[in-house]
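Structure file target_8.txt; described as compact mmCIF, C-alpha atoms.
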# COMPACT_ATOMS: atom_id res chain seq x y z
CA MET X 240 29.82 -240.93 0.07
CA THR X 241 32.83 -243.17 0.18
CA THR X 242 32.57 -246.35 -1.81
CA VAL X 243 35.17 -248.82 -2.83
CA ALA X 244 35.83 -248.33 -6.51
CA ILE X 245 34.47 -251.34 -8.36
CA PRO X 246 35.94 -251.60 -11.82
CA ARG X 247 33.17 -251.85 -14.36
CA LEU X 248 33.40 -255.08 -16.29
CA ARG X 249 33.17 -254.37 -19.99
CA ARG X 250 31.17 -256.94 -21.92
CA PRO X 251 33.62 -259.00 -24.00
CA ARG X 252 33.38 -257.39 -27.42
CA LEU X 253 33.65 -258.87 -30.86
CA PRO X 254 36.35 -257.11 -32.87
CA LEU X 255 34.94 -253.97 -34.47
CA PRO X 256 35.58 -254.96 -38.12
CA VAL X 257 33.61 -258.19 -37.57
CA VAL X 258 30.61 -256.31 -36.17
CA VAL X 259 30.71 -253.76 -38.96
CA ALA X 260 31.03 -256.39 -41.70
CA THR X 261 28.15 -258.48 -40.33
CA VAL X 262 25.83 -255.50 -40.01
CA ALA X 263 26.70 -254.30 -43.51
CA ALA X 264 26.01 -257.75 -44.97
CA ALA X 265 22.66 -258.00 -43.18
CA TRP X 266 21.71 -254.56 -44.47
CA LEU X 267 22.55 -255.44 -48.07
CA PHE X 268 20.58 -258.66 -47.87
CA ALA X 269 17.52 -256.85 -46.51
CA TRP X 270 17.85 -254.16 -49.22
CA VAL X 271 17.86 -256.68 -52.04
CA VAL X 272 15.06 -258.81 -50.65
CA GLU X 273 12.49 -256.28 -49.41
CA ALA X 274 10.88 -255.06 -52.65
CA PRO X 275 10.11 -258.50 -54.11
CA LEU X 276 9.03 -259.64 -50.65
CA ALA X 277 6.65 -256.70 -50.26
CA GLY X 278 5.24 -257.40 -53.70
CA TRP X 279 4.68 -261.01 -52.83
CA VAL X 280 2.95 -260.18 -49.55
CA THR X 281 0.61 -257.65 -51.14
CA PHE X 282 -0.32 -259.37 -54.38
CA THR X 283 0.04 -263.07 -53.56
CA ALA X 284 -0.30 -263.57 -49.82
CA LEU X 285 -2.98 -260.92 -49.34
CA GLY X 286 -4.41 -261.46 -52.80
CA LEU X 287 -4.83 -257.79 -53.68
CA GLN X 288 -4.98 -256.67 -57.27
CA HIS X 289 -2.71 -254.31 -59.17
CA GLU X 290 -4.37 -251.12 -60.41
CA THR X 291 -6.94 -251.08 -57.60
CA HIS X 292 -6.87 -248.28 -55.02
CA VAL X 293 -6.40 -250.65 -52.09
CA GLY X 294 -3.85 -252.80 -53.88
CA GLU X 295 -1.71 -249.87 -54.95
CA ALA X 296 -1.91 -248.15 -51.57
CA VAL X 297 -1.02 -251.26 -49.56
CA GLY X 298 1.68 -252.27 -52.03
CA PHE X 299 3.25 -248.81 -51.79
CA PHE X 300 3.13 -248.87 -48.00
CA LEU X 301 4.63 -252.36 -47.60
CA GLU X 302 7.41 -251.70 -50.07
CA ASP X 303 8.17 -248.20 -48.93
CA LEU X 304 8.30 -248.66 -45.16
CA PRO X 305 11.19 -251.18 -45.06
CA LYS X 306 12.94 -249.34 -47.89
CA VAL X 307 12.82 -246.00 -46.11
CA LEU X 308 13.84 -247.57 -42.80
CA LEU X 309 16.80 -249.32 -44.41
CA LEU X 310 17.91 -246.19 -46.23
CA LEU X 311 17.50 -244.18 -43.08
CA THR X 312 19.51 -246.48 -40.83
CA GLY X 313 22.26 -247.01 -43.38
CA ILE X 314 22.62 -243.40 -44.32
CA VAL X 315 22.29 -241.86 -40.87
CA THR X 316 25.01 -244.19 -39.55
CA VAL X 317 27.45 -243.37 -42.34
CA VAL X 318 26.63 -239.68 -42.30
CA THR X 319 27.02 -239.38 -38.52
CA LEU X 320 30.43 -241.03 -38.84
CA ILE X 321 31.48 -238.50 -41.46
CA ARG X 322 30.08 -235.65 -39.42
CA SER X 323 32.06 -236.67 -36.37
CA PHE X 324 35.04 -235.23 -38.23
CA PHE X 325 33.44 -231.80 -38.68
CA PRO X 326 32.41 -230.47 -35.28
CA PRO X 327 31.46 -226.78 -35.15
CA GLU X 328 34.60 -226.15 -33.09
CA ARG X 329 36.67 -227.09 -36.10
CA VAL X 330 34.46 -225.25 -38.59
CA ARG X 331 34.40 -221.92 -36.78
CA PRO X 332 38.05 -220.89 -37.30
CA VAL X 333 37.64 -221.62 -41.00
CA LEU X 334 34.77 -219.15 -41.21
CA ALA X 335 36.02 -216.51 -38.80
CA GLY X 336 38.77 -215.12 -40.97
CA ARG X 337 36.75 -214.59 -44.11
CA GLY X 338 34.71 -211.75 -45.53
CA LEU X 339 31.00 -211.99 -46.18
CA VAL X 340 31.03 -213.33 -49.74
CA PRO X 341 33.61 -216.14 -49.55
CA GLY X 342 32.39 -216.87 -46.03
CA ALA X 343 28.78 -217.32 -47.13
CA PHE X 344 29.85 -219.86 -49.74
CA ALA X 345 32.08 -221.71 -47.30
CA ALA X 346 29.44 -221.65 -44.58
CA ALA X 347 26.70 -222.98 -46.83
CA GLY X 348 28.94 -225.84 -47.94
CA LEU X 349 30.17 -226.65 -44.46
CA GLY X 350 26.61 -226.49 -43.13
CA ILE X 351 25.93 -229.66 -45.10
CA VAL X 352 28.50 -231.77 -43.29
CA THR X 353 28.38 -230.21 -39.85
CA PRO X 354 26.05 -231.86 -37.40
CA PHE X 355 23.33 -229.52 -36.32
CA CYS X 356 20.96 -230.13 -33.50
CA SER X 357 18.26 -227.50 -32.93
CA CYS X 358 19.17 -227.38 -29.28
CA SER X 359 22.69 -226.34 -30.27
CA ALA X 360 21.42 -223.47 -32.40
CA VAL X 361 21.90 -220.89 -29.68
CA PRO X 362 25.39 -221.83 -28.44
CA LEU X 363 26.45 -222.26 -32.03
CA PHE X 364 25.12 -218.83 -33.01
CA ILE X 365 26.76 -217.20 -30.01
CA GLY X 366 29.99 -219.07 -30.65
CA PHE X 367 30.16 -217.96 -34.27
CA VAL X 368 29.23 -214.34 -33.59
CA GLU X 369 31.61 -213.86 -30.69
CA ALA X 370 34.50 -215.27 -32.71
CA GLY X 371 33.94 -212.63 -35.34
CA VAL X 372 32.20 -214.67 -38.00
CA PRO X 373 30.19 -212.11 -40.03
CA LEU X 374 26.46 -212.24 -39.34
CA GLY X 375 25.57 -213.11 -42.93
CA VAL X 376 28.00 -216.02 -42.87
CA THR X 377 26.46 -217.35 -39.66
CA PHE X 378 23.05 -217.19 -41.27
CA ALA X 379 24.23 -218.99 -44.40
CA PHE X 380 25.29 -221.78 -42.08
CA LEU X 381 22.04 -221.73 -40.10
CA ILE X 382 20.02 -221.98 -43.30
CA SER X 383 21.97 -224.72 -45.04
CA SER X 384 22.56 -226.93 -42.04
CA PRO X 385 19.06 -228.20 -41.32
CA MET X 386 17.87 -227.94 -44.90
CA VAL X 387 20.63 -229.46 -46.99
CA ASN X 388 20.63 -232.57 -44.96
CA GLU X 389 23.01 -235.29 -46.08
CA VAL X 390 20.51 -237.90 -45.04
CA ALA X 391 17.89 -236.40 -47.32
CA LEU X 392 20.41 -236.09 -50.15
CA VAL X 393 21.41 -239.71 -50.09
CA MET X 394 17.83 -240.85 -49.71
CA LEU X 395 16.79 -238.76 -52.68
CA TRP X 396 19.67 -240.28 -54.63
CA GLY X 397 18.64 -243.75 -53.61
CA LEU X 398 14.99 -243.26 -54.48
CA PHE X 399 15.02 -240.88 -57.43
CA GLY X 400 18.50 -240.91 -58.84
CA PRO X 401 21.44 -238.51 -58.75
CA TRP X 402 19.88 -235.60 -60.63
CA ILE X 403 17.10 -234.94 -58.17
CA ALA X 404 19.49 -235.24 -55.26
CA LEU X 405 21.89 -232.77 -56.86
CA ALA X 406 18.98 -230.46 -57.69
CA TYR X 407 17.94 -230.41 -54.06
CA MET X 408 21.50 -229.73 -52.93
CA ALA X 409 21.95 -226.95 -55.48
CA ALA X 410 18.63 -225.42 -54.48
CA GLY X 411 19.43 -225.55 -50.79
CA LEU X 412 22.91 -224.11 -51.22
CA THR X 413 21.54 -221.29 -53.37
CA VAL X 414 18.95 -220.34 -50.78
CA ALA X 415 21.57 -220.48 -48.03
CA ILE X 416 24.19 -218.42 -49.87
CA VAL X 417 21.79 -215.80 -51.18
CA GLY X 418 20.01 -215.66 -47.84
CA GLY X 419 23.29 -215.20 -46.01
CA LEU X 420 24.46 -212.51 -48.43
CA VAL X 421 21.18 -210.60 -48.24
CA ILE X 422 21.06 -210.69 -44.46
CA GLY X 423 24.72 -209.74 -44.31
CA ARG X 424 24.24 -206.73 -46.61
CA LEU X 425 21.22 -205.54 -44.64
CA HIS X 426 23.52 -204.96 -41.65
CA LEU X 427 21.07 -206.22 -39.09
CA GLU X 428 23.65 -206.55 -36.33
CA ARG X 429 21.59 -204.30 -34.06
CA TYR X 430 18.81 -206.87 -34.08
CA VAL X 431 20.91 -209.51 -32.43
CA GLU X 432 20.22 -209.65 -28.71
CA ASP X 433 22.67 -207.32 -26.95
CA TYR X 434 24.17 -209.85 -24.57
CA VAL X 435 25.58 -211.79 -27.52
CA TRP X 436 27.77 -208.84 -28.51
CA GLU X 437 28.86 -208.38 -24.91
CA LEU X 438 30.25 -211.87 -25.04
CA GLN X 439 32.62 -211.11 -27.90
CA GLY X 440 36.12 -212.21 -27.18
CA THR X 441 35.28 -213.47 -23.71
CA ALA X 442 34.72 -217.09 -24.50
CA ALA X 443 37.36 -219.67 -23.82
CA LYS X 444 39.03 -221.35 -26.76
CA PRO X 445 37.25 -224.60 -27.48
CA ILE X 446 39.39 -227.56 -26.56
CA PRO X 447 39.86 -230.00 -29.44
CA ILE X 448 38.31 -233.26 -28.29
CA GLN X 449 39.91 -236.50 -29.45
CA LEU X 450 37.61 -239.29 -30.52
CA SER X 451 38.54 -242.89 -31.21
CA TRP X 452 36.97 -245.00 -33.98
CA SER X 453 35.04 -247.00 -31.47
CA ASP X 454 33.72 -243.73 -29.98
CA ARG X 455 32.65 -242.59 -33.45
CA LEU X 456 30.95 -245.88 -34.31
CA ALA X 457 29.23 -246.09 -30.94
CA ASP X 458 27.98 -242.50 -31.31
CA ALA X 459 26.76 -243.19 -34.85
CA TRP X 460 24.86 -246.28 -33.73
CA VAL X 461 23.28 -244.60 -30.70
CA TYR X 462 22.29 -241.58 -32.76
CA THR X 463 20.81 -243.72 -35.54
CA ARG X 464 18.72 -245.70 -33.07
CA ALA X 465 17.47 -242.56 -31.33
CA LEU X 466 16.70 -240.83 -34.62
CA VAL X 467 14.80 -243.78 -36.07
CA ARG X 468 12.79 -244.04 -32.87
CA LYS X 469 12.01 -240.31 -33.07
CA LEU X 470 11.21 -240.40 -36.77
CA LEU X 471 9.10 -243.54 -36.78
CA PRO X 472 5.78 -241.72 -36.19
CA TYR X 473 6.61 -239.17 -38.91
CA LEU X 474 7.64 -241.94 -41.26
CA LEU X 475 4.51 -243.96 -40.64
CA ILE X 476 2.36 -240.89 -41.21
CA GLY X 477 4.46 -239.79 -44.17
CA ILE X 478 4.42 -243.19 -45.82
CA GLY X 479 0.75 -243.63 -44.95
CA LEU X 480 -0.05 -240.30 -46.61
CA GLY X 481 2.21 -241.23 -49.49
CA ALA X 482 0.40 -244.54 -49.88
CA LEU X 483 -2.98 -242.80 -49.86
CA ILE X 484 -1.83 -240.26 -52.43
CA HIS X 485 -0.36 -243.03 -54.54
CA GLY X 486 -3.42 -245.25 -54.36
CA TYR X 487 -6.29 -242.81 -54.15
CA ALA X 488 -5.49 -239.25 -55.12
CA PRO X 489 -6.80 -238.51 -58.56
CA THR X 490 -4.04 -237.05 -60.65
CA ASP X 491 -6.34 -234.17 -61.55
CA LEU X 492 -6.58 -233.09 -57.91
CA VAL X 493 -2.83 -232.99 -57.41
CA ALA X 494 -2.41 -231.26 -60.76
CA ALA X 495 -5.04 -228.70 -59.77
CA ILE X 496 -3.40 -227.82 -56.46
CA GLY X 497 0.24 -228.20 -57.19
CA GLY X 498 0.52 -228.71 -60.89
CA ARG X 499 1.55 -226.54 -63.74
CA GLY X 500 -1.95 -225.15 -64.19
CA ASN X 501 -1.75 -223.36 -60.86
CA PRO X 502 0.64 -220.39 -61.00
CA LEU X 503 0.48 -220.02 -57.22
CA ALA X 504 1.43 -223.63 -56.54
CA VAL X 505 4.89 -222.88 -55.20
CA PRO X 506 3.96 -220.29 -52.54
CA LEU X 507 0.96 -222.42 -51.67
CA VAL X 508 2.97 -225.52 -50.83
CA VAL X 509 5.50 -223.41 -48.90
CA LEU X 510 2.62 -222.00 -46.87
CA LEU X 511 1.26 -225.51 -46.31
CA ALA X 512 4.69 -226.58 -45.11
CA VAL X 513 4.96 -223.91 -42.41
CA PRO X 514 2.95 -225.70 -39.71
CA MET X 515 4.58 -228.97 -40.64
CA TYR X 516 7.92 -229.82 -39.28
CA SER X 517 9.76 -232.94 -40.09
CA ASN X 518 13.27 -234.12 -40.39
CA ALA X 519 14.08 -234.09 -44.08
CA ALA X 520 13.95 -237.88 -44.19
CA GLY X 521 10.34 -237.90 -43.05
CA THR X 522 9.22 -235.84 -46.04
CA ILE X 523 10.63 -238.18 -48.62
CA PRO X 524 7.73 -240.63 -48.81
CA ILE X 525 5.33 -237.74 -49.43
CA VAL X 526 7.73 -236.29 -51.99
CA GLN X 527 7.84 -239.69 -53.68
CA ALA X 528 4.08 -239.89 -53.94
CA LEU X 529 3.66 -236.29 -55.11
CA LEU X 530 6.26 -236.66 -57.85
CA GLY X 531 4.65 -239.89 -58.91
CA LYS X 532 1.36 -238.06 -59.26
CA GLY X 533 2.89 -235.47 -61.50
CA MET X 534 3.65 -232.56 -59.19
CA PRO X 535 6.36 -230.50 -60.86
CA LEU X 536 9.88 -230.93 -59.52
CA GLY X 537 10.33 -227.31 -58.40
CA THR X 538 7.10 -227.28 -56.43
CA THR X 539 7.97 -230.56 -54.76
CA LEU X 540 11.48 -229.42 -53.86
CA SER X 541 10.05 -226.21 -52.42
CA PHE X 542 7.71 -228.21 -50.25
CA MET X 543 10.52 -230.40 -49.00
CA MET X 544 12.81 -227.47 -48.26
CA ALA X 545 10.06 -225.51 -46.51
CA VAL X 546 9.11 -228.39 -44.23
CA THR X 547 12.69 -228.68 -43.01
CA ALA X 548 13.94 -225.10 -43.09
CA ILE X 549 10.89 -223.31 -41.75
CA SER X 550 10.72 -224.99 -38.40
CA LEU X 551 8.75 -223.42 -35.58
CA PRO X 552 10.65 -225.17 -32.76
CA GLU X 553 13.94 -223.88 -34.13
CA PHE X 554 12.59 -220.33 -34.41
CA VAL X 555 11.38 -220.42 -30.82
CA ILE X 556 14.91 -221.37 -29.80
CA LEU X 557 16.55 -218.75 -32.02
CA ARG X 558 14.37 -216.06 -30.45
CA LYS X 559 16.75 -216.27 -27.49
CA VAL X 560 19.50 -214.70 -29.55
CA MET X 561 17.57 -212.73 -32.16
CA LYS X 562 15.18 -209.87 -31.74
CA PRO X 563 11.84 -210.42 -33.51
CA GLN X 564 12.79 -208.17 -36.44
CA LEU X 565 15.83 -210.26 -37.28
CA LEU X 566 13.91 -213.48 -36.89
CA ALA X 567 11.21 -212.13 -39.22
CA VAL X 568 13.81 -211.16 -41.82
CA PHE X 569 15.38 -214.59 -41.51
CA ILE X 570 12.08 -216.38 -42.08
CA GLY X 571 11.13 -214.01 -44.91
CA VAL X 572 14.44 -214.41 -46.72
CA VAL X 573 14.36 -218.20 -46.44
CA ALA X 574 10.73 -218.45 -47.58
CA THR X 575 11.35 -216.11 -50.52
CA GLY X 576 14.45 -218.02 -51.50
CA ILE X 577 12.62 -221.32 -51.41
CA ILE X 578 9.76 -219.94 -53.51
CA ALA X 579 12.15 -218.42 -56.03
CA VAL X 580 14.08 -221.65 -56.36
CA GLY X 581 10.83 -223.58 -56.77
CA TYR X 582 9.73 -221.43 -59.71
CA MET X 583 13.20 -221.61 -61.22
CA PHE X 584 13.27 -225.40 -61.18
CA ASN X 585 9.78 -225.61 -62.63
CA VAL X 586 10.90 -223.45 -65.53
CA LEU X 587 14.22 -225.25 -66.01
CA VAL X 588 12.76 -228.73 -65.97
CA SER X 589 9.73 -228.15 -68.19
CA MET L 129 34.18 -233.32 -3.98
CA ARG L 130 34.42 -233.37 -7.74
CA LYS L 131 32.40 -230.92 -9.75
CA ILE L 132 30.70 -232.22 -12.88
CA GLU L 133 28.81 -229.73 -15.01
CA VAL L 134 26.43 -230.57 -17.84
CA LEU L 135 26.15 -227.66 -20.25
CA GLY L 136 23.02 -227.52 -22.36
CA SER L 137 19.59 -226.11 -22.93
CA GLY L 138 17.76 -228.92 -21.22
CA CYS L 139 16.90 -231.22 -24.06
CA ALA L 140 16.80 -235.00 -23.77
CA ASN L 141 20.53 -235.40 -24.47
CA CYS L 142 21.42 -233.14 -21.54
CA HIS L 143 19.30 -235.21 -19.18
CA ARG L 144 20.88 -238.42 -20.42
CA LEU L 145 24.32 -236.93 -19.94
CA ALA L 146 23.48 -235.84 -16.40
CA ALA L 147 22.21 -239.34 -15.64
CA ASN L 148 25.36 -240.89 -17.10
CA ALA L 149 27.51 -238.51 -15.07
CA GLY L 150 25.74 -239.50 -11.86
CA GLU L 151 26.18 -243.16 -12.67
CA ALA L 152 29.83 -242.57 -13.52
CA ALA L 153 30.49 -241.08 -10.11
CA THR L 154 29.13 -244.27 -8.53
CA ILE L 155 31.19 -246.51 -10.79
CA ALA L 156 34.36 -244.56 -10.11
CA GLY L 157 33.62 -244.43 -6.44
CA VAL L 158 33.98 -240.67 -6.13
CA GLU L 159 31.87 -238.04 -4.51
CA ALA L 160 30.65 -235.64 -7.14
CA GLU L 161 28.01 -233.01 -7.56
CA VAL L 162 26.36 -232.87 -10.98
CA ILE L 163 25.25 -229.38 -11.97
CA HIS L 164 23.14 -228.59 -15.01
CA VAL L 165 24.10 -225.25 -16.58
CA THR L 166 21.46 -223.87 -18.92
CA ASP L 167 22.50 -220.22 -19.16
CA MET L 168 23.62 -219.68 -22.76
CA ARG L 169 26.04 -216.90 -21.86
CA GLU L 170 27.84 -219.15 -19.43
CA ILE L 171 27.93 -222.00 -21.94
CA ALA L 172 29.41 -219.73 -24.59
CA ARG L 173 31.92 -218.37 -22.08
CA ARG L 174 33.29 -221.90 -21.59
CA GLY L 175 33.88 -222.27 -25.33
CA VAL L 176 31.19 -224.88 -25.86
CA MET L 177 29.44 -224.56 -29.21
CA SER L 178 27.72 -227.88 -29.57
CA THR L 179 25.65 -229.00 -26.64
CA PRO L 180 25.57 -231.03 -24.53
CA GLY L 181 28.95 -230.24 -23.07
CA LEU L 182 30.60 -231.95 -20.11
CA VAL L 183 32.94 -230.19 -17.73
CA ILE L 184 34.87 -231.98 -14.94
CA ASP L 185 36.44 -229.72 -12.33
CA GLY L 186 36.50 -226.81 -14.76
CA THR L 187 37.97 -228.67 -17.74
CA VAL L 188 35.82 -229.26 -20.82
CA VAL L 189 36.09 -232.98 -21.60
CA SER L 190 33.35 -233.45 -24.17
CA THR L 191 31.13 -231.43 -26.48
CA GLY L 192 28.32 -232.32 -28.85
CA ARG L 193 27.88 -235.91 -27.74
CA VAL L 194 26.67 -238.02 -24.82
CA PRO L 195 29.57 -240.12 -23.51
CA SER L 196 28.67 -243.29 -21.68
CA ALA L 197 28.86 -243.61 -17.92
CA GLY L 198 31.87 -245.86 -18.39
CA ASP L 199 33.76 -243.23 -20.37
CA ILE L 200 32.95 -240.52 -17.84
CA ALA L 201 34.08 -242.80 -15.01
CA THR L 202 37.39 -243.30 -16.80
CA TRP L 203 37.85 -239.54 -17.05
CA LEU L 204 36.99 -239.14 -13.38
CA THR L 205 39.65 -241.63 -12.35
CA GLU L 206 42.23 -240.30 -14.80
CA GLN L 207 41.79 -236.74 -13.69
CA SER L 208 42.12 -236.90 -9.94
Translate this file's structure into structure tokens.
Amino acid sequence: MTTVAIPRLRRPRLPLPVVVATVAAAWLFAWVVEAPLAGWVTFTALGLQHETHVGEAVGFFLEDLPKVLLLLTGIVTVVTLIRSFFPPERVRPVLAGRGLVPGAFAAAGLGIVTPFCSCSAVPLFIGFVEAGVPLGVTFAFLISSPMVNEVALVMLWGLFGPWIALAYMAAGLTVAIVGGLVIGRLHLERYVEDYVWELQGTAAKPIPIQLSWSDRLADAWVYTRALVRKLLPYLLIGIGLGALIHGYAPTDLVAAIGGRGNPLAVPLVVLLAVPMYSNAAGTIPIVQALLGKGMPLGTTLSFMMAVTAISLPEFVILRKVMKPQLLAVFIGVVATGIIAVGYMFNVLVS
Amino acid sequence: MRKIEVLGSGCANCHRLAANAGEAATIAGVEAEVIHVTDMREIARRGVMSTPGLVIDGTVVSTGRVPSAGDIATWLTEQS
């Protein structure tokens, strides 16, 4: 196929700072205006009453949906920008030289800022292992990355204040570090699929890729749009459920299932979370409603962590590099860690 | 004939990247074959840890993101 090369005309672009400033201003305006506007629509325009089931549910839904969407778009954009500076290629050499204990700490922390897509789980795992990153360290990273999600952290901060956000981060890091250390000490290397070990030392050195600011911003915007589109059904369901819980669930029911009276609340919610998978952001509306109904903090955090960390699609993918025994240990350690942390927070906060 | 390889497990991003690569070849006016590599061993062997990865004539030009057709076309013309 021989064609004359036709230079692609780039659409004339506004200068980047202008675009960024305008978008930021629009976001701030929407943030300030949406709550009073939602209140007006529910209680004046629609004429619903406070303290009724319908009124409370609709009010919650109309206020929460724009709020969550705004938080999501703002945070995901900023976070993706930050993450563009921490690709796994740059993280790996930092982790490769260390022993299990310092490595597990470093990996758990770095897992927070490193972008992690489930589809990259396998190449990332292989890449870490073949570069000599200890197995436990790799697992610390695999646990903290999807669970201690910056998006979720900032959303928690925005909706519930700094303490709950920090609690979630501390909980997630603890599970990741302890999980990584336990798996590391169990010396489960023989349960990694054999071909992964055969690859050791054979891989080419990753080439450092240079990105410009306009690349980073374009990536952040594209990713945010795609993520919001993907999350919208979860958000609608999550906020819908949250609205129902807020408006209709009798506090006694929530207290009975998940409250202090039930000593098995924490494992129960973790079990409930297993078939559910959501991006951390999608769980926040449910978390909001549950906390509002008096579910203890530890139990709620456990639920949120379990929904994100215990993800069936990710496990199916990881099966390509882990034999079933290792996968089972991984799931068991994470679930146990989440349950332990849940109980601990319930005790600490009461 | 240029050789463009898309390295990835086959998720949506990989397909988008393959589509962009095809479009880029048209924009740049070059003949290119676009190959989708899904074998994890091969991907790891190239040093790609975050998929999707893009390889032009054996050189890794991008990992972990989906460059636009325009960007890929620029790389195709730069790297002749």
When the cut-off is 6 Å and we count all atoms listed in the file, which residues of chain L are near chain X, given as an mmCIF file with C-alpha atoms, keeping the file's coordinate frame?
data_model
loop_
_atom_site.group_PDB
_atom_site.id
_atom_site.type_symbol
_atom_site.label_atom_id
_atom_site.label_comp_id
_atom_site.auth_asym_id
_atom_site.auth_seq_id
_atom_site.Cartn_x
_atom_site.Cartn_y
_atom_site.Cartn_z
ATOM 1 C CA ALA L 156 34.360 -244.560 -10.110
ATOM 2 C CA GLY L 157 33.620 -244.430 -6.440
ATOM 3 C CA GLU L 159 31.870 -238.040 -4.510
ATOM 4 C CA ALA L 172 29.410 -219.730 -24.590
ATOM 5 C CA ARG L 173 31.920 -218.370 -22.080
ATOM 6 C CA ARG L 174 33.290 -221.900 -21.590
ATOM 7 C CA GLY L 175 33.880 -222.270 -25.330
ATOM 8 C CA MET L 177 29.440 -224.560 -29.210
ATOM 9 C CA SER L 178 27.720 -227.880 -29.570
ATOM 10 C CA THR L 179 25.650 -229.000 -26.640
#
Considering all atoms listed in the file, return as a PyMOL selection string whatever protein or nucleic-acid residues lie within 7 Å of segment 397-413 of chain X, sequence-local ones (same chain, fewer than 6 positions apart) excluded.
chain X and resi 347+383+386-387+540+580
Centre, edges in Å (one decimal): axis-aligned box, segment 406-409 of chain X, 6 Å padding on all six sides, as AutoDock Vina command-line options:
--center_x 19.9 --center_y -228.7 --center_z -55.3 --size_x 16.0 --size_y 15.5 --size_z 16.8
With distances taken over all atoms listed in the file, which residue among L:Arg144, L:Val188, L:Gly198, L:Val134 lies nearest Glu161 of chain L?
L:Val134
Please provide as an MDAnalysis selection string all residues within 8 Å of segment 562-571 of chain X, with the sequence filter that same-chain residues fewer than 5 positions apart are discarded (counting only C-alpha atoms).
chainID X and resid 418 422 427 430:432 549 554 557
What does the distance from atom CA of Leu204 of chain L to atom CA of Trp452 of chain X come to in Å, to one decimal?
21.4 Å
Hey, what's within 9 Å of Thr538 of chain X if we count all atoms listed in the file and toss same-chain stuff fewer than 4 positions away? As a list in words, please?
Gly497, Gly498, Ala504, Val505, Pro506, Val508, Val509, Met534, Phe542, Met543, Ile578, Val580, Gly581, Tyr582, Phe584 and Asn585 of chain X
Straight-line distance linking atom CA of Val189 of chain L with atom CA of Ala346 of chain X, stated in Å to one decimal:
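For atom CA of Val189 of chain L relative to atom CA of Ala346 of chain X, the distance reads 26.5 Å.
Between atom CA of Ile200 of chain L and atom CA of Arg130 of chain L there is a distance of 12.5 Å.
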Selected residue, from L:Leu135, L:Asn148, L:His143, L:Met129, that lies nearest to Arg169 of chain L when counting all atoms listed in the file
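Closest to Arg169 of chain L of all the choices is L:Leu135.
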Just the residues within 8 Å of Ile132 of chain L, please, counting only C-alpha atoms, with nothing from its chain fewer than 4 positions along; format it as a VMD selection string.
chain L and resid 149 160 to 163 182 to 185
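The list of residues with at least one atom within 9 Å of Leu425 of chain X, based on all atoms listed in the file and without residues fewer than 4 positions apart in the same chain, reads Gly375, Leu420 and Val421 of chain X.
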